[in-house]
Amino acid sequence: MKAVAIQAFGRPEGLAVIDLPAPAPAYGQVLIATEAIGVGGVDAVIRSGALAAYGFKEGHIPGSEVAGTVTAVGDNVATSWIGQRVWAFTSAGGYVEQAIAPVEEILPLPANLSAVDAVTLGSSGVVAHFGLSHAHFAPGESVLVRGAAGSIGIMTVQLAARGGASAVAVTTSSAERGDRLRELGATHVLDRSGEGGEGAPAGYDVIIDIVAGVDMPSFFAKLNPNGRMVAVGAVGGQPPADFGTTMMAAFQKSMSFATFSAATVAEPDRRPVRTEQFAAAGRGELHTVVHELLPLEQAVLAHQKMAAGEVFGRIVLTP
Ligand SMILES: NC(=O)c1ccc[n+]([C@@H]2O[C@H](COP(=O)([O-])OP(=O)(O)OC[C@H]3O[C@@H](n4cnc5c(N)ncnc54)[C@H](OP(=O)(O)O)[C@@H]3O)[C@@H](O)[C@H]2O)c1
């Protein structure tokens with residue numbers, strides 16, 4: 001089968017198309033003929049080599065979510081899965097024509113949800129949902145989504161709006177992106193430094209931060225008393241080393257900072273959320289934003305577009 005592996009850490013061109021024998025599902029696993037493969041920001045981080053210290057080696061096949069049809073099952077998996085169209089969290093190894101996933105990480109696709117929509121929503125929707133709940137978001141509160149133009153931000157904006165936020169401000173790099181985010185529920189559009197957004201709230205009860213980086217302290221300072229900032233990503237790099245000093249300087253406002261990773265949410269808790277989100281997307285109540293569909297062989301181009309900051313929503317690869 002065709003696959004795409006990281007042959008050399010660094011630039012997108014380090015990805016290469018390779019041929020591999022089709023895998024066989026082991027105990028508790030299924031084999032999926034992929035129809036759609038999500039390209040995530042984390043794939044680019046792994047490709048860059050930044051996570052080499054965490055066990056990611058050259059030769060790694062990226063790709064944490066796929067959708068397609070189950071073609072074979074391993075021991076202890078019901079054969080009734082064979083022929084079912086599913087979404088799957090593969091964790092890694094998704095840039096392939098035939099992917100392996102643990103049976104507990106697959107979910108049937110509703111008939112009215114495409115494989116492409118499923119990989120656009122699957123992981124991002126769960127991060128958005130639990131990121132907001134980690135921030136104890138409640139109806140009537142004001143929310144700022146920092147780095148809203150990616151798939152996590154797009155889902156967070158929609159969930160905050162559906163959840164009754166009094167305002168949903170976003171940061172983004174262009175007016176055109178701002179208009180698209182307004183269509184998804186944003187009420188105020190700020191630039192990357194947090195300026196602009198006429199009539200935007202003076203402070204926020206909740207900030208969902210996908211960016212981090214050197215500007216993180218200035219956004220933390222935008223929290224209202226008792227406000228909560230949750231970092232769910234770090235596309236802008238690490239915050240400054242003295243971020244803790246900023247937090248302590250605001251001691252009397254009782255503000256909170258937390259990180260959130262969906263890896264800490266148990267699968268039985270993720271499943272009903274994802275099931276509800278797939279159903280809502282099928283009904284057209286949640287919108288997926290596919291930046292572009294590209295063939296699997298063009299994974300390099302997909303990563304080049306991500307590196308160039310061109311992507312609004314998500315790129316999806318098709319085998
Ligand atoms: N918490 C979890 O469980 C979890 C799960 C999966 C992934 N992640 C993390 O989430 C992040 C990827 O999320 P994503 O795919 O939604 O994001 P993304 O598409 O990679 O980026 C989101 C947006 O951030 C803006 N941005 C990029 N670089 C920036 C910078 N230097 N300064 C300010 N804004 C910048 C860009 O929008 P504009 O150009 O419009 O500003 C971009 O579209 C990664 O850090 C990944 O590790 C977390």
# chains A, B, ... in the order shown; residues from 1 in each chain; ligands from 1
>>> select_by_dssp(residues="segment 164-282 of chain A", states="strand (DSSP E or B)", output="ChimeraX atom specification")
/A:167-171,188-190,196,204-209,223-231,256-259
>>> residues_near_ligand(ligand="ligand 1", cutoff="8 Å", atoms="only C-alpha atoms and all ligand atoms", output="mmCIF file with N, CA, C and O atoms, in the first residue's frame")
data_model
loop_
_atom_site.group_PDB
_atom_site.id
_atom_site.type_symbol
_atom_site.label_atom_id
_atom_site.label_comp_id
_atom_site.auth_asym_id
_atom_site.auth_seq_id
_atom_site.Cartn_x
_atom_site.Cartn_y
_atom_site.Cartn_z
ATOM 1 N N GLY A 40 -3.176 17.384 10.630
ATOM 2 C CA GLY A 40 -3.257 18.229 11.822
ATOM 3 C C GLY A 40 -1.990 19.031 12.049
ATOM 4 O O GLY A 40 -0.913 18.685 11.547
ATOM 5 N N GLY A 41 -2.140 20.122 12.810
ATOM 6 C CA GLY A 41 -0.979 20.937 13.157
ATOM 7 C C GLY A 41 0.087 20.111 13.864
ATOM 8 O O GLY A 41 1.293 20.335 13.687
ATOM 9 N N VAL A 42 -0.361 19.129 14.639
ATOM 10 C CA VAL A 42 0.614 18.316 15.382
ATOM 11 C C VAL A 42 1.464 17.482 14.422
ATOM 12 O O VAL A 42 2.637 17.200 14.699
ATOM 13 N N VAL A 45 4.339 19.559 13.598
ATOM 14 C CA VAL A 45 5.288 19.655 14.722
ATOM 15 C C VAL A 45 6.164 18.398 14.773
ATOM 16 O O VAL A 45 7.387 18.471 14.933
ATOM 17 N N SER A 123 -11.256 15.057 15.894
ATOM 18 C CA SER A 123 -10.398 15.388 17.041
ATOM 19 C C SER A 123 -10.605 16.823 17.494
ATOM 20 O O SER A 123 -10.659 17.109 18.695
ATOM 21 N N SER A 124 -10.748 17.725 16.535
ATOM 22 C CA SER A 124 -10.850 19.146 16.878
ATOM 23 C C SER A 124 -12.090 19.440 17.717
ATOM 24 O O SER A 124 -12.050 20.255 18.642
ATOM 25 N N VAL A 127 -11.448 18.465 21.308
ATOM 26 C CA VAL A 127 -10.558 19.417 21.993
ATOM 27 C C VAL A 127 -11.342 20.688 22.333
ATOM 28 O O VAL A 127 -11.244 21.227 23.446
ATOM 29 N N GLY A 131 -11.962 21.620 26.016
ATOM 30 C CA GLY A 131 -11.225 22.841 26.343
ATOM 31 C C GLY A 131 -12.151 23.844 27.014
ATOM 32 O O GLY A 131 -11.804 24.455 28.038
ATOM 33 N N ARG A 146 -8.206 32.456 20.715
ATOM 34 C CA ARG A 146 -6.949 32.991 20.149
ATOM 35 C C ARG A 146 -6.365 31.962 19.174
ATOM 36 O O ARG A 146 -6.031 30.852 19.560
ATOM 37 N N GLY A 147 -6.260 32.357 17.896
ATOM 38 C CA GLY A 147 -5.821 31.405 16.857
ATOM 39 C C GLY A 147 -7.019 30.648 16.328
ATOM 40 O O GLY A 147 -6.987 29.431 16.155
ATOM 41 N N ALA A 148 -8.090 31.417 16.028
ATOM 42 C CA ALA A 148 -9.393 30.791 15.735
ATOM 43 C C ALA A 148 -9.501 30.211 14.336
ATOM 44 O O ALA A 148 -10.470 29.514 14.040
ATOM 45 N N ALA A 149 -8.527 30.470 13.466
ATOM 46 C CA ALA A 149 -8.692 30.080 12.058
ATOM 47 C C ALA A 149 -8.343 28.625 11.771
ATOM 48 O O ALA A 149 -8.513 28.160 10.642
ATOM 49 N N GLY A 150 -7.865 27.904 12.766
ATOM 50 C CA GLY A 150 -7.575 26.482 12.566
ATOM 51 C C GLY A 150 -8.785 25.643 12.946
ATOM 52 O O GLY A 150 -9.815 26.172 13.393
ATOM 53 N N SER A 151 -8.671 24.337 12.782
ATOM 54 C CA SER A 151 -9.862 23.501 12.998
ATOM 55 C C SER A 151 -10.294 23.488 14.469
ATOM 56 O O SER A 151 -11.493 23.434 14.756
ATOM 57 N N ILE A 152 -9.350 23.595 15.406
ATOM 58 C CA ILE A 152 -9.759 23.634 16.819
ATOM 59 C C ILE A 152 -10.486 24.945 17.105
ATOM 60 O O ILE A 152 -11.554 24.969 17.740
ATOM 61 N N GLY A 153 -9.935 26.052 16.608
ATOM 62 C CA GLY A 153 -10.557 27.353 16.842
ATOM 63 C C GLY A 153 -11.943 27.448 16.214
ATOM 64 O O GLY A 153 -12.885 27.966 16.838
ATOM 65 N N ILE A 154 -12.066 26.936 15.007
ATOM 66 C CA ILE A 154 -13.359 27.002 14.308
ATOM 67 C C ILE A 154 -14.432 26.238 15.088
ATOM 68 O O ILE A 154 -15.580 26.683 15.192
ATOM 69 N N THR A 171 -9.054 36.000 17.471
ATOM 70 C CA THR A 171 -7.904 36.640 16.824
ATOM 71 C C THR A 171 -7.662 35.922 15.508
ATOM 72 O O THR A 171 -7.783 34.696 15.419
ATOM 73 N N THR A 172 -7.328 36.709 14.500
ATOM 74 C CA THR A 172 -6.984 36.148 13.203
ATOM 75 C C THR A 172 -6.171 37.189 12.438
ATOM 76 O O THR A 172 -6.059 38.335 12.863
ATOM 77 N N SER A 173 -5.588 36.739 11.300
ATOM 78 C CA SER A 173 -4.612 37.602 10.624
ATOM 79 C C SER A 173 -5.178 38.389 9.451
ATOM 80 O O SER A 173 -4.454 39.176 8.853
ATOM 81 N N SER A 174 -6.450 38.192 9.104
ATOM 82 C CA SER A 174 -6.971 38.954 7.964
ATOM 83 C C SER A 174 -8.459 39.232 8.135
ATOM 84 O O SER A 174 -9.183 38.479 8.811
ATOM 85 N N ARG A 177 -10.610 36.372 6.769
ATOM 86 C CA ARG A 177 -10.784 35.275 7.734
ATOM 87 C C ARG A 177 -11.762 35.690 8.840
ATOM 88 O O ARG A 177 -12.564 34.881 9.304
ATOM 89 N N GLY A 178 -11.661 36.950 9.236
ATOM 90 C CA GLY A 178 -12.577 37.449 10.253
ATOM 91 C C GLY A 178 -14.023 37.325 9.801
ATOM 92 O O GLY A 178 -14.902 36.917 10.572
ATOM 93 N N ASP A 191 -7.024 41.513 15.812
ATOM 94 C CA ASP A 191 -5.843 41.058 15.083
ATOM 95 C C ASP A 191 -5.014 40.159 16.006
ATOM 96 O O ASP A 191 -5.370 39.926 17.158
ATOM 97 N N ARG A 192 -3.911 39.656 15.470
ATOM 98 C CA ARG A 192 -3.125 38.682 16.237
ATOM 99 C C ARG A 192 -2.612 39.229 17.559
ATOM 100 O O ARG A 192 -2.358 38.482 18.502
ATOM 101 N N SER A 193 -2.445 40.577 17.619
ATOM 102 C CA SER A 193 -1.932 41.138 18.874
ATOM 103 C C SER A 193 -3.062 41.482 19.844
ATOM 104 O O SER A 193 -2.812 41.975 20.938
ATOM 105 N N ILE A 210 -4.875 28.850 21.440
ATOM 106 C CA ILE A 210 -4.271 27.813 20.588
ATOM 107 C C ILE A 210 -2.865 28.264 20.168
ATOM 108 O O ILE A 210 -2.149 27.554 19.507
ATOM 109 N N VAL A 211 -2.474 29.472 20.551
ATOM 110 C CA VAL A 211 -1.245 30.075 20.025
ATOM 111 C C VAL A 211 -0.091 30.043 21.027
ATOM 112 O O VAL A 211 1.036 29.708 20.677
ATOM 113 N N ALA A 212 -0.327 30.429 22.273
ATOM 114 C CA ALA A 212 0.756 30.622 23.281
ATOM 115 C C ALA A 212 1.747 31.664 22.778
ATOM 116 O O ALA A 212 1.352 32.721 22.310
ATOM 117 N N GLY A 213 3.072 31.392 22.816
ATOM 118 C CA GLY A 213 4.065 32.320 22.267
ATOM 119 C C GLY A 213 4.301 33.541 23.150
ATOM 120 O O GLY A 213 3.801 33.647 24.271
ATOM 121 N N ALA A 231 -4.826 26.903 27.719
ATOM 122 C CA ALA A 231 -3.965 26.712 26.538
ATOM 123 C C ALA A 231 -4.219 25.319 25.986
ATOM 124 O O ALA A 231 -3.998 24.323 26.679
ATOM 125 N N VAL A 232 -4.710 25.262 24.740
ATOM 126 C CA VAL A 232 -4.943 23.951 24.111
ATOM 127 C C VAL A 232 -3.962 23.696 22.975
ATOM 128 O O VAL A 232 -3.974 22.626 22.372
ATOM 129 N N GLY A 233 -3.146 24.674 22.638
ATOM 130 C CA GLY A 233 -2.161 24.511 21.569
ATOM 131 C C GLY A 233 -1.051 25.516 21.761
ATOM 132 O O GLY A 233 -1.117 26.378 22.656
ATOM 133 N N ALA A 234 -0.032 25.402 20.922
ATOM 134 C CA ALA A 234 1.121 26.312 21.039
ATOM 135 C C ALA A 234 1.699 26.566 19.648
ATOM 136 O O ALA A 234 2.899 26.456 19.447
ATOM 137 N N VAL A 235 0.810 26.927 18.701
ATOM 138 C CA VAL A 235 1.300 27.113 17.325
ATOM 139 C C VAL A 235 2.264 28.301 17.229
ATOM 140 O O VAL A 235 3.030 28.392 16.273
ATOM 141 N N GLY A 236 2.239 29.187 18.216
ATOM 142 C CA GLY A 236 3.150 30.336 18.206
ATOM 143 C C GLY A 236 4.391 30.119 19.069
ATOM 144 O O GLY A 236 5.142 31.052 19.306
ATOM 145 N N GLY A 237 4.589 28.914 19.547
ATOM 146 C CA GLY A 237 5.772 28.622 20.366
ATOM 147 C C GLY A 237 5.497 28.769 21.859
ATOM 148 O O GLY A 237 4.345 28.910 22.285
ATOM 149 N N THR A 259 -3.484 24.237 31.248
ATOM 150 C CA THR A 259 -3.323 23.611 29.945
ATOM 151 C C THR A 259 -4.406 22.554 29.814
ATOM 152 O O THR A 259 -5.001 22.124 30.814
ATOM 153 N N PHE A 260 -4.681 22.173 28.577
ATOM 154 C CA PHE A 260 -5.625 21.079 28.388
ATOM 155 C C PHE A 260 -5.183 20.213 27.223
ATOM 156 O O PHE A 260 -4.912 20.720 26.127
ATOM 157 N N SER A 261 -5.128 18.917 27.435
ATOM 158 C CA SER A 261 -4.887 17.948 26.355
ATOM 159 C C SER A 261 -6.007 16.924 26.352
ATOM 160 O O SER A 261 -6.353 16.361 27.407
ATOM 161 N N ALA A 262 -6.541 16.662 25.170
ATOM 162 C CA ALA A 262 -7.622 15.673 25.059
ATOM 163 C C ALA A 262 -7.138 14.279 25.459
ATOM 164 O O ALA A 262 -7.959 13.399 25.752
ATOM 165 N N ALA A 263 -5.807 14.101 25.476
ATOM 166 C CA ALA A 263 -5.267 12.794 25.874
ATOM 167 C C ALA A 263 -5.632 12.456 27.316
ATOM 168 O O ALA A 263 -5.575 11.291 27.725
ATOM 169 N N MET A 306 0.514 24.479 5.081
ATOM 170 C CA MET A 306 0.415 24.759 6.524
ATOM 171 C C MET A 306 1.560 25.659 6.966
ATOM 172 O O MET A 306 1.355 26.623 7.703
ATOM 173 N N GLY A 309 1.135 29.229 6.317
ATOM 174 C CA GLY A 309 0.028 29.901 7.016
ATOM 175 C C GLY A 309 -1.183 30.114 6.139
ATOM 176 O O GLY A 309 -2.024 30.962 6.412
ATOM 177 N N GLU A 310 -1.299 29.300 5.069
ATOM 178 C CA GLU A 310 -2.396 29.496 4.118
ATOM 179 C C GLU A 310 -3.702 28.840 4.542
ATOM 180 O O GLU A 310 -4.738 29.092 3.942
ATOM 181 N N VAL A 311 -3.619 27.952 5.527
ATOM 182 C CA VAL A 311 -4.757 27.049 5.748
ATOM 183 C C VAL A 311 -5.799 27.661 6.683
ATOM 184 O O VAL A 311 -5.482 28.061 7.799
ATOM 185 N N PHE A 312 -7.034 27.736 6.216
ATOM 186 C CA PHE A 312 -8.173 28.123 7.062
ATOM 187 C C PHE A 312 -9.021 26.867 7.225
ATOM 188 O O PHE A 312 -9.586 26.363 6.262
ATOM 189 N N GLY A 313 -9.087 26.343 8.437
ATOM 190 C CA GLY A 313 -9.772 25.059 8.643
ATOM 191 C C GLY A 313 -8.753 23.944 8.532
ATOM 192 O O GLY A 313 -7.690 24.013 9.138
ATOM 193 N N ARG A 314 -9.057 22.956 7.727
ATOM 194 C CA ARG A 314 -8.209 21.762 7.724
ATOM 195 C C ARG A 314 -7.966 21.247 6.307
ATOM 196 O O ARG A 314 -8.887 21.263 5.477
#
>>> select_by_dssp(residues="segment 106-209 of chain A", states="alpha helix (DSSP H)", output="number ranges by chain")
A: 115-134, 151-162, 175-183
>>> residues_around(residues="Phe137 of chain A", least_positions_apart="5", cutoff="9 Å", atoms="only C-alpha atoms", output="PyMOL selection string")
chain A and resi 132+142-143+160+163+165+205-206+228
>>> residues_around(residues="Thr34 of chain A", least_positions_apart="6", cutoff="10 Å", atoms="only C-alpha atoms", output="JSON, numbers by chain")
{"A": [65, 66, 67, 68, 69, 70, 71, 85, 86, 87, 88, 94, 95, 96, 97, 98, 99, 100, 115, 317, 318, 319]}
>>> residues_around(residues="Pro62 of chain A", least_positions_apart="3", cutoff="10 Å", atoms="only C-alpha atoms", output="list in words")
Ala3, Val4, Ala5, Ile6, Leu15, Val39, Gly40, Val42, Asp43, Ala44, Ile46, Arg47, Phe56, Gly59, Glu65, Thr90, Ser91, Ala92, Gly93, Gly94, Tyr95 and Val96 of chain A
>>> closest_residue(among="A:Ser218, A:Asn224, A:Gln277, A:Ser80", to="Gln252 of chain A", atoms="only C-alpha atoms")
A:Asn224
>>> closest_residue(among="A:Gln29, A:Gln84, A:Met229, A:Leu294", to="Pro110 of chain A", atoms="only C-alpha atoms")
A:Gln84
>>> residues_around(residues="Thr275 of chain A", least_positions_apart="4", cutoff="12 Å", atoms="only C-alpha atoms", output="list in words")
Val86, Trp87, Ile106, Leu107, Pro108, Leu109, Pro110, Leu113, Ala118, Leu121, Gly122, Ser123, Gly125, Val126, Glu267, Pro268, Asp269, Arg270, Arg271, Ala279, Ala280, Ala281 and Gly282 of chain A
>>> write_last_selection(atoms="N, CA, C and O atoms", output="compact mmCIF listing (two decimals), in the first residue's frame")
# COMPACT_ATOMS: atom_id res chain seq x y z
N VAL A 86 -16.45 4.16 9.22
CA VAL A 86 -16.12 4.64 10.56
C VAL A 86 -15.15 5.82 10.49
O VAL A 86 -14.45 6.01 9.51
N TRP A 87 -15.15 6.58 11.57
CA TRP A 87 -14.07 7.53 11.86
C TRP A 87 -13.16 6.83 12.86
O TRP A 87 -13.63 6.03 13.68
N ILE A 106 -12.77 3.72 17.37
CA ILE A 106 -13.51 3.94 16.12
C ILE A 106 -14.97 4.25 16.45
O ILE A 106 -15.50 3.86 17.50
N LEU A 107 -15.59 4.98 15.54
CA LEU A 107 -16.97 5.42 15.73
C LEU A 107 -17.68 5.32 14.38
O LEU A 107 -17.14 5.81 13.38
N PRO A 108 -18.87 4.70 14.34
CA PRO A 108 -19.57 4.63 13.05
C PRO A 108 -19.88 6.03 12.54
O PRO A 108 -20.22 6.93 13.32
N LEU A 109 -19.79 6.21 11.22
CA LEU A 109 -20.16 7.50 10.63
C LEU A 109 -21.66 7.53 10.41
O LEU A 109 -22.22 6.60 9.83
N PRO A 110 -22.33 8.62 10.82
CA PRO A 110 -23.73 8.74 10.43
C PRO A 110 -23.83 8.77 8.90
O PRO A 110 -22.90 9.23 8.24
N LEU A 113 -22.98 12.03 7.10
CA LEU A 113 -21.71 12.73 7.36
C LEU A 113 -20.63 12.10 6.49
O LEU A 113 -20.40 10.89 6.54
N ALA A 118 -15.88 14.13 8.68
CA ALA A 118 -15.59 13.45 9.95
C ALA A 118 -14.16 13.74 10.41
O ALA A 118 -13.93 14.01 11.59
N LEU A 121 -13.76 17.28 11.76
CA LEU A 121 -14.43 17.54 13.04
C LEU A 121 -13.89 16.67 14.18
O LEU A 121 -13.78 17.14 15.33
N GLY A 122 -13.58 15.41 13.87
CA GLY A 122 -13.36 14.37 14.89
C GLY A 122 -12.53 14.79 16.09
O GLY A 122 -13.04 14.87 17.21
N SER A 123 -11.26 15.06 15.89
CA SER A 123 -10.40 15.39 17.04
C SER A 123 -10.61 16.82 17.49
O SER A 123 -10.66 17.11 18.69
N GLY A 125 -13.19 18.79 17.37
CA GLY A 125 -14.44 19.04 18.10
C GLY A 125 -14.31 18.63 19.56
O GLY A 125 -14.82 19.32 20.46
N VAL A 126 -13.61 17.54 19.79
CA VAL A 126 -13.44 17.06 21.17
C VAL A 126 -12.52 18.00 21.94
O VAL A 126 -12.78 18.33 23.10
N GLU A 267 -11.59 7.62 26.96
CA GLU A 267 -12.36 7.33 25.74
C GLU A 267 -13.87 7.27 26.01
O GLU A 267 -14.66 7.82 25.22
N PRO A 268 -14.34 6.66 27.11
CA PRO A 268 -15.80 6.62 27.32
C PRO A 268 -16.40 8.02 27.49
O PRO A 268 -17.60 8.20 27.28
N ASP A 269 -15.59 9.00 27.88
CA ASP A 269 -16.10 10.37 28.00
C ASP A 269 -16.05 11.10 26.66
O ASP A 269 -16.87 11.97 26.37
N ARG A 270 -15.05 10.76 25.83
CA ARG A 270 -14.94 11.40 24.51
C ARG A 270 -16.03 10.91 23.56
O ARG A 270 -16.56 11.67 22.75
N ARG A 271 -16.38 9.63 23.66
CA ARG A 271 -17.26 9.01 22.66
C ARG A 271 -18.64 9.70 22.55
O ARG A 271 -19.06 10.04 21.44
N ALA A 279 -23.52 13.92 14.87
CA ALA A 279 -24.96 14.05 14.56
C ALA A 279 -25.29 15.51 14.26
O ALA A 279 -26.03 15.81 13.30
N ALA A 280 -24.75 16.43 15.05
CA ALA A 280 -25.03 17.86 14.83
C ALA A 280 -24.47 18.31 13.48
O ALA A 280 -25.11 19.09 12.76
N ALA A 281 -23.29 17.80 13.12
CA ALA A 281 -22.72 18.15 11.82
C ALA A 281 -23.57 17.58 10.69
O ALA A 281 -23.81 18.24 9.67
N GLY A 282 -24.05 16.36 10.89
CA GLY A 282 -24.92 15.74 9.88
C GLY A 282 -26.20 16.54 9.67
O GLY A 282 -26.73 16.63 8.56
>>> closest_residue(among="A:Leu144, A:Leu20, A:Ala33, A:Met248", to="Pro201 of chain A", atoms="only C-alpha atoms")
A:Leu144
>>> residues_around(residues="Gly197 of chain A", least_positions_apart="4", cutoff="8 Å", atoms="only C-alpha atoms", output="PDB file with N, CA and C atoms, in the first residue's frame")
ATOM      1  N   ALA A 169     -15.155  36.586  20.839  1.00  0.00           N
ATOM      2  CA  ALA A 169     -14.121  37.320  20.104  1.00  0.00           C
ATOM      3  C   ALA A 169     -13.094  36.323  19.583  1.00  0.00           C
ATOM      4  N   HIS A 188     -16.747  39.414  17.482  1.00  0.00           N
ATOM      5  CA  HIS A 188     -15.743  40.478  17.402  1.00  0.00           C
ATOM      6  C   HIS A 188     -14.457  39.885  16.852  1.00  0.00           C
ATOM      7  N   VAL A 189     -13.824  40.625  15.942  1.00  0.00           N
ATOM      8  CA  VAL A 189     -12.617  40.115  15.290  1.00  0.00           C
ATOM      9  C   VAL A 189     -11.422  41.009  15.661  1.00  0.00           C
ATOM     10  N   LEU A 190     -10.446  40.410  16.349  1.00  0.00           N
ATOM     11  CA  LEU A 190      -9.235  41.122  16.766  1.00  0.00           C
ATOM     12  C   LEU A 190      -8.067  40.676  15.884  1.00  0.00           C
ATOM     13  N   ASP A 191      -7.024  41.513  15.812  1.00  0.00           N
ATOM     14  CA  ASP A 191      -5.843  41.058  15.083  1.00  0.00           C
ATOM     15  C   ASP A 191      -5.014  40.159  16.006  1.00  0.00           C
TER      16      ASP A 191
END
>>> closest_residue(among="A:Thr120, A:Asn226, A:Gln238, A:Thr79", to="Gly203 of chain A", atoms="only C-alpha atoms")
A:Asn226
